[in-house]
Amino acid sequence: MSASSPRIAVVDYGAGNIRSVAKALERSALAVEVTSDAAALAHFDALVVPGVGAFADAMASLRAKGIGDALTEAIAGGKPYLGLCLGLQVLFESSDEHGTTPGLGVLPGRVARFPANQALHVPHIGWNQVRWAGAHPIAAQLPREDAFYFVHSYRVVDAAPSDVAGATDYGGEFVSAVARDHVFAVQFHPEKSQSAGKRLLDAFAAWLRAC
């Protein structure tokens, strides 16, 4: 991998929010290209998968474009992966949104809606604290707790404890970040999280250059 400017693919599978993510990565001095070409993903140094919207729609698009298989192959080969919001959720085995939809199955666990609770507004929208855990090099560069911007109605459940890199309280604790080897993913939106988001993407850039 280039020590000065790793080539980053921002994967466009029709889930939106792509350009703002690309701009945020460029502010962290990364060379970014937006692509929907599954075959091209093998030629990048790292993959960033953002997204907003419904899990089932996202997985249908990933499968139809051949991107799902390209992502699992890249991850199995050790290519760095950063997932944002839906980019985190699709890593798991399934989601309960609009029926049961299989995910990529990279990590054990599933995605489920926040429980019905009159005191809990769903979707979870706005700033909330993330408490970092574990020893992943990205999290190790960050304050142990910081506020990020969330927009989601579903969250990961039944994750392997060893994969949990961050936790947040909203009607109880939920998984807000995961990490395993060269995979790092967050439920929130760094591109909307001002200085905290910039710190995270800077840490991602520093990690890539050290890989």
# chains A, B, ... in the order shown; residues from 1 in each chain; ligands from 1

call {"tool": "select_by_dssp", "arguments": {"residues": "range 4-56 of chain A", "states": "strand (DSSP E or B)", "output": "ChimeraX atom specification"}}
result
/A:7-11,31-35,46-49

call {"tool": "residues_around", "arguments": {"residues": "range 16-27 of chain A", "least_positions_apart": "6", "cutoff": "9 Å", "atoms": "only C-alpha atoms", "output": "ChimeraX atom specification"}}
result
/A:8-10,33-34,48-53,189-192,197-198,201-202,205

call {"tool": "write_last_selection", "arguments": {"atoms": "N, CA and C atoms", "output": "PDB file, in the first residue's frame"}}
result
ATOM      1  N   ILE A   8      -8.599   4.865  -2.166  1.00  0.00           N
ATOM      2  CA  ILE A   8      -9.800   4.448  -1.457  1.00  0.00           C
ATOM      3  C   ILE A   8     -10.971   4.393  -2.424  1.00  0.00           C
ATOM      4  N   ALA A   9     -11.691   3.278  -2.433  1.00  0.00           N
ATOM      5  CA  ALA A   9     -12.941   3.172  -3.178  1.00  0.00           C
ATOM      6  C   ALA A   9     -14.100   3.442  -2.242  1.00  0.00           C
ATOM      7  N   VAL A  10     -14.900   4.446  -2.563  1.00  0.00           N
ATOM      8  CA  VAL A  10     -16.188   4.634  -1.887  1.00  0.00           C
ATOM      9  C   VAL A  10     -17.215   3.906  -2.749  1.00  0.00           C
ATOM     10  N   GLU A  33     -12.021   7.568  -4.849  1.00  0.00           N
ATOM     11  CA  GLU A  33     -12.777   7.418  -6.090  1.00  0.00           C
ATOM     12  C   GLU A  33     -14.097   6.730  -5.767  1.00  0.00           C
ATOM     13  N   VAL A  34     -15.192   7.293  -6.249  1.00  0.00           N
ATOM     14  CA  VAL A  34     -16.505   6.671  -6.099  1.00  0.00           C
ATOM     15  C   VAL A  34     -16.690   5.690  -7.249  1.00  0.00           C
ATOM     16  N   VAL A  48     -14.534   1.710   1.344  1.00  0.00           N
ATOM     17  CA  VAL A  48     -15.433   2.381   2.273  1.00  0.00           C
ATOM     18  C   VAL A  48     -16.853   2.159   1.767  1.00  0.00           C
ATOM     19  N   VAL A  49     -17.695   1.610   2.629  1.00  0.00           N
ATOM     20  CA  VAL A  49     -19.080   1.311   2.261  1.00  0.00           C
ATOM     21  C   VAL A  49     -20.006   2.126   3.168  1.00  0.00           C
ATOM     22  N   PRO A  50     -20.557   3.228   2.646  1.00  0.00           N
ATOM     23  CA  PRO A  50     -21.513   4.014   3.412  1.00  0.00           C
ATOM     24  C   PRO A  50     -22.936   3.590   3.069  1.00  0.00           C
ATOM     25  N   GLY A  51     -23.911   4.412   3.437  1.00  0.00           N
ATOM     26  CA  GLY A  51     -25.276   4.134   3.016  1.00  0.00           C
ATOM     27  C   GLY A  51     -26.314   4.563   4.021  1.00  0.00           C
ATOM     28  N   VAL A  52     -27.442   4.979   3.509  1.00  0.00           N
ATOM     29  CA  VAL A  52     -28.624   5.264   4.317  1.00  0.00           C
ATOM     30  C   VAL A  52     -29.798   4.568   3.648  1.00  0.00           C
ATOM     31  N   GLY A  53     -30.823   4.218   4.435  1.00  0.00           N
ATOM     32  CA  GLY A  53     -31.997   3.585   3.857  1.00  0.00           C
ATOM     33  C   GLY A  53     -32.244   2.203   4.422  1.00  0.00           C
ATOM     34  N   HIS A 189     -22.619   8.424  11.582  1.00  0.00           N
ATOM     35  CA  HIS A 189     -22.158   9.066  10.350  1.00  0.00           C
ATOM     36  C   HIS A 189     -20.970   9.993  10.653  1.00  0.00           C
ATOM     37  N   PRO A 190     -19.740   9.546  10.435  1.00  0.00           N
ATOM     38  CA  PRO A 190     -18.590  10.439  10.647  1.00  0.00           C
ATOM     39  C   PRO A 190     -18.653  11.692   9.780  1.00  0.00           C
ATOM     40  N   GLU A 191     -19.184  11.560   8.562  1.00  0.00           N
ATOM     41  CA  GLU A 191     -19.235  12.703   7.639  1.00  0.00           C
ATOM     42  C   GLU A 191     -20.180  13.795   8.125  1.00  0.00           C
ATOM     43  N   LYS A 192     -21.035  13.473   9.101  1.00  0.00           N
ATOM     44  CA  LYS A 192     -21.953  14.458   9.680  1.00  0.00           C
ATOM     45  C   LYS A 192     -21.574  14.826  11.118  1.00  0.00           C
ATOM     46  N   GLY A 197     -16.042  13.332  13.874  1.00  0.00           N
ATOM     47  CA  GLY A 197     -15.976  12.544  12.649  1.00  0.00           C
ATOM     48  C   GLY A 197     -14.648  12.706  11.941  1.00  0.00           C
ATOM     49  N   LYS A 198     -14.132  13.922  11.930  1.00  0.00           N
ATOM     50  CA  LYS A 198     -12.817  14.176  11.318  1.00  0.00           C
ATOM     51  C   LYS A 198     -11.727  13.405  12.057  1.00  0.00           C
ATOM     52  N   LEU A 201     -11.945   9.735  10.887  1.00  0.00           N
ATOM     53  CA  LEU A 201     -11.449   9.516   9.526  1.00  0.00           C
ATOM     54  C   LEU A 201      -9.948   9.774   9.431  1.00  0.00           C
ATOM     55  N   ASP A 202      -9.428  10.704  10.217  1.00  0.00           N
ATOM     56  CA  ASP A 202      -7.972  10.880  10.291  1.00  0.00           C
ATOM     57  C   ASP A 202      -7.307   9.627  10.858  1.00  0.00           C
ATOM     58  N   ALA A 205      -7.242   7.041   8.185  1.00  0.00           N
ATOM     59  CA  ALA A 205      -6.170   7.331   7.223  1.00  0.00           C
ATOM     60  C   ALA A 205      -4.813   6.933   7.783  1.00  0.00           C
TER      61      ALA A 205
END

call {"tool": "residues_around", "arguments": {"residues": "Ala56 in chain A", "least_positions_apart": "5", "cutoff": "9 Å", "atoms": "only C-alpha atoms", "output": "list in words"}}
result
Ser61, Ser95, Glu97, His98, Gly99, Thr100, Thr101, Pro102 and Gly103 of chain A

call {"tool": "residues_around", "arguments": {"residues": "Tyr154 in chain A", "least_positions_apart": "3", "cutoff": "10 Å", "atoms": "only C-alpha atoms", "output": "PDB file with N, CA and C atoms, in the first residue's frame"}}
result
ATOM      1  N   ALA A  54     -32.931   1.374   3.658  1.00  0.00           N
ATOM      2  CA  ALA A  54     -33.399   0.068   4.117  1.00  0.00           C
ATOM      3  C   ALA A  54     -32.384  -1.036   3.815  1.00  0.00           C
ATOM      4  N   PHE A  55     -32.214  -1.937   4.768  1.00  0.00           N
ATOM      5  CA  PHE A  55     -31.272  -3.052   4.647  1.00  0.00           C
ATOM      6  C   PHE A  55     -31.611  -3.926   3.433  1.00  0.00           C
ATOM      7  N   CYS A  85     -22.820   3.242   8.901  1.00  0.00           N
ATOM      8  CA  CYS A  85     -24.266   3.070   9.020  1.00  0.00           C
ATOM      9  C   CYS A  85     -24.699   1.766   8.339  1.00  0.00           C
ATOM     10  N   LEU A  86     -25.359   1.810   7.187  1.00  0.00           N
ATOM     11  CA  LEU A  86     -25.717   0.568   6.492  1.00  0.00           C
ATOM     12  C   LEU A  86     -24.483  -0.261   6.153  1.00  0.00           C
ATOM     13  N   GLN A  89     -24.201  -2.472   9.013  1.00  0.00           N
ATOM     14  CA  GLN A  89     -25.265  -3.465   9.157  1.00  0.00           C
ATOM     15  C   GLN A  89     -25.147  -4.607   8.161  1.00  0.00           C
ATOM     16  N   SER A  95     -31.006  -9.202   8.751  1.00  0.00           N
ATOM     17  CA  SER A  95     -31.725  -8.082   9.340  1.00  0.00           C
ATOM     18  C   SER A  95     -33.204  -8.433   9.406  1.00  0.00           C
ATOM     19  N   ASP A  96     -33.872  -7.929  10.450  1.00  0.00           N
ATOM     20  CA  ASP A  96     -35.310  -8.125  10.622  1.00  0.00           C
ATOM     21  C   ASP A  96     -36.125  -7.054   9.921  1.00  0.00           C
ATOM     22  N   GLU A  97     -35.488  -6.114   9.235  1.00  0.00           N
ATOM     23  CA  GLU A  97     -36.206  -5.014   8.604  1.00  0.00           C
ATOM     24  C   GLU A  97     -37.000  -5.513   7.396  1.00  0.00           C
ATOM     25  N   ARG A 110     -27.163 -10.177  14.117  1.00  0.00           N
ATOM     26  CA  ARG A 110     -28.235  -9.735  13.230  1.00  0.00           C
ATOM     27  C   ARG A 110     -28.594  -8.289  13.553  1.00  0.00           C
ATOM     28  N   VAL A 111     -29.425  -7.725  12.697  1.00  0.00           N
ATOM     29  CA  VAL A 111     -29.840  -6.332  12.837  1.00  0.00           C
ATOM     30  C   VAL A 111     -31.324  -6.325  13.163  1.00  0.00           C
ATOM     31  N   ALA A 112     -31.699  -5.643  14.248  1.00  0.00           N
ATOM     32  CA  ALA A 112     -33.090  -5.628  14.705  1.00  0.00           C
ATOM     33  C   ALA A 112     -33.502  -4.207  15.070  1.00  0.00           C
ATOM     34  N   ARG A 113     -34.803  -3.941  14.989  1.00  0.00           N
ATOM     35  CA  ARG A 113     -35.328  -2.619  15.310  1.00  0.00           C
ATOM     36  C   ARG A 113     -35.196  -2.347  16.807  1.00  0.00           C
ATOM     37  N   PHE A 114     -34.998  -1.093  17.158  1.00  0.00           N
ATOM     38  CA  PHE A 114     -35.056  -0.721  18.564  1.00  0.00           C
ATOM     39  C   PHE A 114     -36.405  -1.163  19.133  1.00  0.00           C
ATOM     40  N   PRO A 115     -36.447  -1.608  20.385  1.00  0.00           N
ATOM     41  CA  PRO A 115     -37.705  -2.096  20.957  1.00  0.00           C
ATOM     42  C   PRO A 115     -38.731  -0.977  21.108  1.00  0.00           C
ATOM     43  N   VAL A 122     -38.051   6.494  18.014  1.00  0.00           N
ATOM     44  CA  VAL A 122     -37.432   5.731  16.923  1.00  0.00           C
ATOM     45  C   VAL A 122     -37.939   6.322  15.612  1.00  0.00           C
ATOM     46  N   PRO A 123     -37.041   6.718  14.718  1.00  0.00           N
ATOM     47  CA  PRO A 123     -35.594   6.464  14.706  1.00  0.00           C
ATOM     48  C   PRO A 123     -34.803   7.264  15.736  1.00  0.00           C
ATOM     49  N   HIS A 124     -33.648   6.723  16.048  1.00  0.00           N
ATOM     50  CA  HIS A 124     -32.651   7.391  16.882  1.00  0.00           C
ATOM     51  C   HIS A 124     -31.930   8.402  16.000  1.00  0.00           C
ATOM     52  N   VAL A 151     -28.415   8.405  12.738  1.00  0.00           N
ATOM     53  CA  VAL A 151     -29.750   8.387  12.127  1.00  0.00           C
ATOM     54  C   VAL A 151     -30.063   6.926  11.801  1.00  0.00           C
ATOM     55  N   VAL A 157     -27.689  -6.719  17.086  1.00  0.00           N
ATOM     56  CA  VAL A 157     -27.844  -7.532  18.297  1.00  0.00           C
ATOM     57  C   VAL A 157     -27.129  -8.865  18.079  1.00  0.00           C
ATOM     58  N   GLN A 187     -21.964   2.581  13.370  1.00  0.00           N
ATOM     59  CA  GLN A 187     -23.377   2.792  13.100  1.00  0.00           C
ATOM     60  C   GLN A 187     -23.702   4.263  12.819  1.00  0.00           C
TER      61      GLN A 187
END

call {"tool": "closest_residue", "arguments": {"among": "A:Ser5, A:Thr72, A:Gln129, A:Asn117", "to": "Ser28 in chain A", "atoms": "only C-alpha atoms"}}
result
A:Ser5

call {"tool": "atom_distance", "arguments": {"atom1": "CA of Ser176 in chain A", "atom2": "CA of Pro108 in chain A"}}
result
15.2 Å
